[in-house]
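Visitor: Pasting a structure here, questions to come.
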Amino acid sequence: MKLAFSLFFFLVVFVLVTLHVHQVSGAANIWKTINVNLDGTGDFKTIKEAIDSVPENNNQWIRIHVSAGVYEEKVHTQQHRGFILLEGDGRENTVIEWWDYAGDPGNHDTVTSATFTSRADSFVAKNITFKNSAGAVGQAVAAMIQGNHSAFYGCGFIGLQDTLYDQYGLHYYKDCYIEGSADFICGNGQSIFEGRYNFCGIRMRWTRIRCITPGEVDEETKSGRAAEVY
Ligand SMILES: *[C@@H]1O[C@H](CO)[C@@H](O)[C@H](O)[C@H]1NC(C)=O
Ligand SMILES: *[C@@H]1O[C@H](CO)[C@@H](O)[C@H](O)[C@H]1NC(C)=O
């Protein structure tokens, strides 16, 4: 019964997220587009400035288009800045990169080490890479996702330890490439992962994630939360 309910619940959420995304892909439903370009030809040169320009308590989809380039900055979508579609020029071409790690001289911890932090509900990212290039220094998060109802299409998550900190909320990851060496997907997010780039040959559906290390299937998943291993 509980399982049936969960399934139903996730289907509903899945449809909602998909609908959101279909809405955002139809130009008519995008309220406005903000362009970010390193060469100064856009509205802003940094993604941070573009996000900070979104009105608080925003409830209309705003596209932030980020032209190809490596953006060396930490990016944060605050809780009251939802309905953002962050769109790059392809995950190989548009990269957000920073290098904080837990216990570094700047006193970062796992959470604050994140290059990208998403706290807003209703967030979509497309064709962009989030990278933490701290190296083999322990926990160094590329993206921490704690907003609810968030979806990622064709995105890259690059790091070594704790790359994708899927902290909490209902999330959907499609065709995303996720790389790391230890616990590289962790958190309590209730997420669906599917698509072309399967990490470690594991495809997970509506599973609660613990920590995934290459070559391992997570214990929680093994205990019957419908992971597909192939
Ligand atoms: C964007 O991501 C989608 C997958 O969701 C992929 O099919 C498409 O080729 C990507 N576009 C670019 C420019 O990388
Ligand atoms: C996410 O949204 C669902 C409803 O769609 C809600 O039941 C759930 O409590 C929310 N989760 C968080 C972490 O806010």
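Every chain in the structure tokens takes a letter, A first, then B, and so on in the order presented; its residues are numbered from 1, and the ligands are numbered from 1 following the presented order.
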When the cut-off is 8 Å and you count only C-alpha atoms and all ligand atoms, which residues lie near ligand 2, shown as a PyMOL selection string?
Guide: chain A and resi 13+146-149+168-170
Visitor: Using only C-alpha atoms and all ligand atoms, which protein or nucleic acid residues are at most 7 Å from ligand 1, as a list in words?
Guide: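 Here is the list of contacting residues: Asp89, Gly90, Arg91, Lys126, Asn127, Tyr153, Gly154, Lys174 and Asp175 of chain A.
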Visitor: Using only C-alpha atoms for the distances, tell me which of A:Lys131, A:Lys32, A:His108, A:Arg119 is nearest to Pro55 of chain A.
Guide: A:Lys32
Visitor: Within 9 Å of Gly159 of chain A, counting only C-alpha atoms, which residues show up once you throw out same-chain ones fewer than 3 positions away? Write them as number ranges by chain, please.
Guide: A: 130-135, 140-142, 162-164, 178-181, 184
Visitor: Any chance you could export the current selection's N, CA and C atoms as a PDB file, in the first residue's frame?
Guide:
```pdb
ATOM      1  N   PHE A 130      28.451  21.787 -13.785  1.00  0.00           N
ATOM      2  CA  PHE A 130      28.810  22.297 -12.460  1.00  0.00           C
ATOM      3  C   PHE A 130      30.061  21.538 -12.031  1.00  0.00           C
ATOM      4  N   LYS A 131      31.117  22.265 -11.722  1.00  0.00           N
ATOM      5  CA  LYS A 131      32.379  21.581 -11.479  1.00  0.00           C
ATOM      6  C   LYS A 131      33.057  22.085 -10.206  1.00  0.00           C
ATOM      7  N   ASN A 132      33.583  21.144  -9.432  1.00  0.00           N
ATOM      8  CA  ASN A 132      34.456  21.512  -8.313  1.00  0.00           C
ATOM      9  C   ASN A 132      35.821  20.931  -8.637  1.00  0.00           C
ATOM     10  N   SER A 133      36.807  21.816  -8.804  1.00  0.00           N
ATOM     11  CA  SER A 133      38.125  21.349  -9.243  1.00  0.00           C
ATOM     12  C   SER A 133      39.151  21.374  -8.110  1.00  0.00           C
ATOM     13  N   ALA A 134      38.678  21.186  -6.858  1.00  0.00           N
ATOM     14  CA  ALA A 134      39.604  21.198  -5.716  1.00  0.00           C
ATOM     15  C   ALA A 134      40.599  20.034  -5.779  1.00  0.00           C
ATOM     16  N   GLY A 135      40.211  18.945  -6.432  1.00  0.00           N
ATOM     17  CA  GLY A 135      41.118  17.800  -6.530  1.00  0.00           C
ATOM     18  C   GLY A 135      40.939  16.822  -5.373  1.00  0.00           C
ATOM     19  N   ALA A 140      34.321  17.897  -1.647  1.00  0.00           N
ATOM     20  CA  ALA A 140      34.354  19.112  -2.465  1.00  0.00           C
ATOM     21  C   ALA A 140      33.172  19.003  -3.429  1.00  0.00           C
ATOM     22  N   VAL A 141      32.102  19.677  -3.062  1.00  0.00           N
ATOM     23  CA  VAL A 141      30.829  19.502  -3.764  1.00  0.00           C
ATOM     24  C   VAL A 141      30.785  20.357  -5.037  1.00  0.00           C
ATOM     25  N   ALA A 142      30.334  19.770  -6.131  1.00  0.00           N
ATOM     26  CA  ALA A 142      30.131  20.542  -7.360  1.00  0.00           C
ATOM     27  C   ALA A 142      28.758  21.211  -7.316  1.00  0.00           C
ATOM     28  N   ASP A 162      31.813  13.582  -3.109  1.00  0.00           N
ATOM     29  CA  ASP A 162      30.545  14.290  -2.865  1.00  0.00           C
ATOM     30  C   ASP A 162      30.193  15.241  -4.012  1.00  0.00           C
ATOM     31  N   THR A 163      30.433  14.817  -5.225  1.00  0.00           N
ATOM     32  CA  THR A 163      30.206  15.688  -6.397  1.00  0.00           C
ATOM     33  C   THR A 163      28.801  16.282  -6.423  1.00  0.00           C
ATOM     34  N   LEU A 164      27.810  15.392  -6.403  1.00  0.00           N
ATOM     35  CA  LEU A 164      26.418  15.859  -6.446  1.00  0.00           C
ATOM     36  C   LEU A 164      25.798  15.585  -5.082  1.00  0.00           C
ATOM     37  N   ILE A 178      27.576  12.408 -14.431  1.00  0.00           N
ATOM     38  CA  ILE A 178      27.940  12.672 -13.036  1.00  0.00           C
ATOM     39  C   ILE A 178      29.220  11.906 -12.730  1.00  0.00           C
ATOM     40  N   GLU A 179      30.257  12.630 -12.337  1.00  0.00           N
ATOM     41  CA  GLU A 179      31.566  12.000 -12.196  1.00  0.00           C
ATOM     42  C   GLU A 179      32.138  12.216 -10.800  1.00  0.00           C
ATOM     43  N   GLY A 180      32.790  11.176 -10.268  1.00  0.00           N
ATOM     44  CA  GLY A 180      33.436  11.317  -8.977  1.00  0.00           C
ATOM     45  C   GLY A 180      34.114  10.028  -8.571  1.00  0.00           C
ATOM     46  N   SER A 181      34.782  10.060  -7.412  1.00  0.00           N
ATOM     47  CA  SER A 181      35.503   8.879  -6.991  1.00  0.00           C
ATOM     48  C   SER A 181      34.984   8.308  -5.675  1.00  0.00           C
ATOM     49  N   PHE A 184      29.926  10.002  -4.706  1.00  0.00           N
ATOM     50  CA  PHE A 184      29.769  11.127  -5.634  1.00  0.00           C
ATOM     51  C   PHE A 184      28.331  11.498  -5.938  1.00  0.00           C
TER      52      PHE A 184
END
```
Visitor: If I take atom CA of Tyr172 of chain A and atom CA of Ser191 of chain A, how far is one from the other in Å, to one decimal?
Guide: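 Separating atom CA of Tyr172 of chain A from atom CA of Ser191 of chain A is a distance of 5.5 Å.
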Visitor: For each of A:Ala102, A:Ala114, A:Ile62, A:Ile128, take the minimum atom-to-atom distance to Val75 of chain A, counting only C-alpha atoms, then give the residue where this is smallest.
Guide: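 Using only C-alpha atoms, Val75 of chain A sits closest to A:Ala114.
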Visitor: Which residues come within 8 Å of Trp31 of chain A, counting only C-alpha atoms, excluding same-chain residues fewer than 4 positions away, as a PDB file with N, CA and C atoms, in the first residue's frame?
Guide:
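Saved result, part_36.pdb, follows:
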```pdb
ATOM      1  N   GLN A  60       7.242  33.592 -12.349  1.00  0.00           N
ATOM      2  CA  GLN A  60       7.135  33.377 -13.789  1.00  0.00           C
ATOM      3  C   GLN A  60       8.490  32.894 -14.297  1.00  0.00           C
ATOM      4  N   TRP A  61       8.462  31.961 -15.228  1.00  0.00           N
ATOM      5  CA  TRP A  61       9.721  31.367 -15.676  1.00  0.00           C
ATOM      6  C   TRP A  61      10.626  32.411 -16.340  1.00  0.00           C
ATOM      7  N   ILE A  62      11.852  32.453 -15.859  1.00  0.00           N
ATOM      8  CA  ILE A  62      12.863  33.333 -16.428  1.00  0.00           C
ATOM      9  C   ILE A  62      14.008  32.467 -16.923  1.00  0.00           C
ATOM     10  N   ARG A  63      14.378  32.652 -18.174  1.00  0.00           N
ATOM     11  CA  ARG A  63      15.501  31.896 -18.712  1.00  0.00           C
ATOM     12  C   ARG A  63      16.782  32.703 -18.529  1.00  0.00           C
TER      13      ARG A  63
END
```
Visitor: Step one, run DSSP on the backbone; step two, keep only residues of segment 18-77 of chain A assigned to alpha helix (DSSP H); then write them as a list in words.
Guide: Thr18, Leu19, His20, Val21, His22, Gln23, Val24, Ser25, Ile47, Lys48, Glu49, Ala50, Ile51 and Asp52 of chain A
Visitor: May I ask for the distance between atom CA of Gln78 of chain A and atom CA of Met144 of chain A, given in Å to one decimal place?
Guide: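 According to the coordinates, atom CA of Gln78 of chain A and atom CA of Met144 of chain A are separated by 12.3 Å.
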